[in-house]
Each structure stands twice: as C-alpha cells, then as structure tokens.
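Written below as structure tokens is the structure these notes are about.
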Amino acid sequence: TAIMQGAGVTTTQYITIKNRATGLLIDGIGRTTNGSNAGQWSSSTSYNQQWVVETAGSYVKIKNRATGLYLDGMGRTTNGSIAGQWSSSTSNNQQWTIETAGSYSKLKNRATGLYIDGMGSTTNGADLAQWSSSSSYNQQWTITNTTGRVATTDVVVEQQKSTEHDVTLFPNPFTSGISVSIRDPKEIKSIIIVDLTGNQVEVIQHDNIATEQTVGSQLNAGMYVVHINGLRNTQSFKVIKK
C-alpha cells in the first residue's frame, strides 16, 4: 500500500460486517434506489457485501461497493425500524460511530441514536434493523477487511495526551503531520499507525524514535489510530487528518 501511495496510485480498502448472533453480513442487496432497505445475507464474494468506511468529522460513513449508496438511519427512532440506503449527503443519518463490545463492534447512528441490529433474522434477504443500545449479540458485529484481517476498531481512545510515558500528540485534527512528543524514547518499542480497516500505514521502530517527531505526513485524509508501543503496555490515540 505504501509503495502504491508513493507512486500516486490510490487503493480502496473494502470491509465486510458480520453479525455475531445471526452469522449474516450486512448487504446492499443490489438496491440502488434512495430509501431502499439495507439487508443481510450469508457470506459470499458479492460486492453487495463489501463496504467502504469514509470519515465525516469524528464520525464515519459506510458506502456499499455495489450500489454506491450509504448506510442510512433514515431518521427512524423506533426500535425495530429498518436501516436504509441513500446517496451521499451531509445528513447525520449517514454518520455512524463505531463502538467496541469486547472483540466485536457496535454501529451507532448519529441522528437516531439507535444501533444496527440483526434482529435475530437468519434468513437471506432479511431487512437490517436498528435498536436502542443493549448487550444483545444482535448488535455485535465483526468488521473484517477483504484480505481477511479483522479490523482494529477496538482502539478508539479519545485522549491526545497520556501520562503513562509522558506522550503528547498535537494538533488533532491535523492537516499535514501530527507532532508526537515523548519524554523518554528509550521506553518506546515502536509507533504504529493503522487505518480503520486495521492496515498498518506507517511504522516507526525503536531506533528511529526521538523525543520530538512528526508522523502521518504521507497519509491521505481520514481517521487513524496511533499505537505507542511501550516496554510494558500500549497506548492508542484516535487522530483525524483533514
């Protein structure tokens, strides 16, 4: 990926989103009409099950590869209401927060406050629904990129400063590079930046870590997680490049 980006070639990383309870994947069902229902289907190689995660401020938008439409809460605030699809807009209905639930993820709509829910439906073609927050497995999803690696959405730590190793990241959001200040670089094994699908996009090993340095200069606009891997533990920071 780094070589391709250096050559000026843009690569797109697709993901699949699989329900813990039903085993079905979120599927666009080939529907290209605004307002059409989003669905669920057993695993296949269809582009209808492949999605792109895009950043929208501190939220994300989720676009279907086949239909070109975005997952949309449709302004529906009733438990059990259907999640839809709509062409790109600035509506909060298309903006989602990815939260963690152990080793799984939950997807919360910014406008409705509801979570994507499989509703226990195990039939191919079943509608994709929304429900208020619960501990049900129906709201828990595995996000995997199309290379088969589980995406690291479980590291969305909000702070930009930590006293564990006296680490500070600034500014955030950033437009060029983000400055990393580390009191004692000898305590740090590596700095690794990953995107929302879990791909490593920048790695700095111990010998190249300094007290003050700039990272992320070559990254495209988007949301990333910076892992500061110390000798005893790892700290993670969510950052956004505009």
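Ligands are numbered from 1 in the order shown, chains are lettered A, B, ... in the order of the structure tokens, and residues start at 1 in each chain.
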Shell around Pro185 (chain A) at 7 Å using only C-alpha atoms, local window under 4 positions removed, as number ranges by chain: A: 209-211
At a cut-off of 12 Å, using only C-alpha atoms, what residues contact region 81-89 of chain A? Leave out same-chain residues fewer than 4 positions from it and give the result as JSON, numbers by chain. {"A": [26, 27, 28, 29, 30, 31, 32, 33, 34, 35, 36, 37, 38, 39, 40, 54, 56, 61, 62, 63, 64, 66, 67, 68, 69, 70, 71, 72, 73, 74, 75, 76, 77, 93, 94, 95, 107, 108, 109, 112, 114, 115, 116, 117, 118, 119, 126, 127, 128, 129, 130, 131, 132]}
Closest to Thr168 (chain A) among A:Asn48, A:Ser42, A:Ser181, A:Thr16, using only C-alpha atoms? A:Ser181
Give me the residues near region 172-174 of chain A as number ranges by chain, where near means some atom within 6 Å (using only C-alpha atoms) and where sequence neighbours in that chain fewer than 4 positions away do not count. A: 239-241
Across A:Ser44, A:Ile143, A:Glu202, A:Asn233, the smallest distance to Asn220 (chain A), with only C-alpha atoms counted, is shown by A:Glu202
So that I can check the secondary structure, give me every residue of region 38-155 of chain A assigned strand (DSSP E) by backbone DSSP, as a ChimeraX atom specification. /A:39-41,51-56,59-64,70-72,84-86,96-101,104-109,115-117,129-131,141-145
Compile the contact shell of Gly230 (chain A) as a VMD selection string: residues with an atom at most 7 Å away, counting only C-alpha atoms, same-chain residues fewer than 5 positions apart removed. chain A and resid 187 to 189
Expected file: the selected residues, all heavy atoms, as a compact mmCIF listing (two decimals), in the first residue's frame:
```
# COMPACT_ATOMS: atom_id res chain seq x y z
N GLU A 187 11.86 4.18 26.30
CA GLU A 187 10.79 3.33 26.81
C GLU A 187 9.83 2.86 25.71
O GLU A 187 8.93 2.07 25.97
CB GLU A 187 9.99 4.10 27.87
CG GLU A 187 10.75 4.39 29.15
CD GLU A 187 11.00 3.11 29.94
OE1 GLU A 187 10.06 2.31 30.06
OE2 GLU A 187 12.14 2.92 30.41
N ILE A 188 10.01 3.36 24.48
CA ILE A 188 9.08 3.07 23.40
C ILE A 188 9.70 2.09 22.41
O ILE A 188 10.79 2.32 21.88
CB ILE A 188 8.67 4.37 22.66
CG1 ILE A 188 8.15 5.40 23.68
CG2 ILE A 188 7.62 4.06 21.61
CD1 ILE A 188 6.96 4.93 24.49
N LYS A 189 8.99 0.99 22.13
CA LYS A 189 9.47 -0.01 21.16
C LYS A 189 9.15 0.39 19.73
O LYS A 189 9.96 0.17 18.82
CB LYS A 189 8.87 -1.37 21.46
CG LYS A 189 9.28 -1.97 22.79
CD LYS A 189 8.80 -3.40 22.92
CE LYS A 189 7.27 -3.47 22.95
NZ LYS A 189 6.77 -4.85 23.15
```
CA of Gly222 (chain A) and CA of Ile191 (chain A), how far apart in Å? 18.3 Å
Interatomic distance between CA of Ser105 (chain A) and CA of Thr234 (chain A)? 20.2 Å
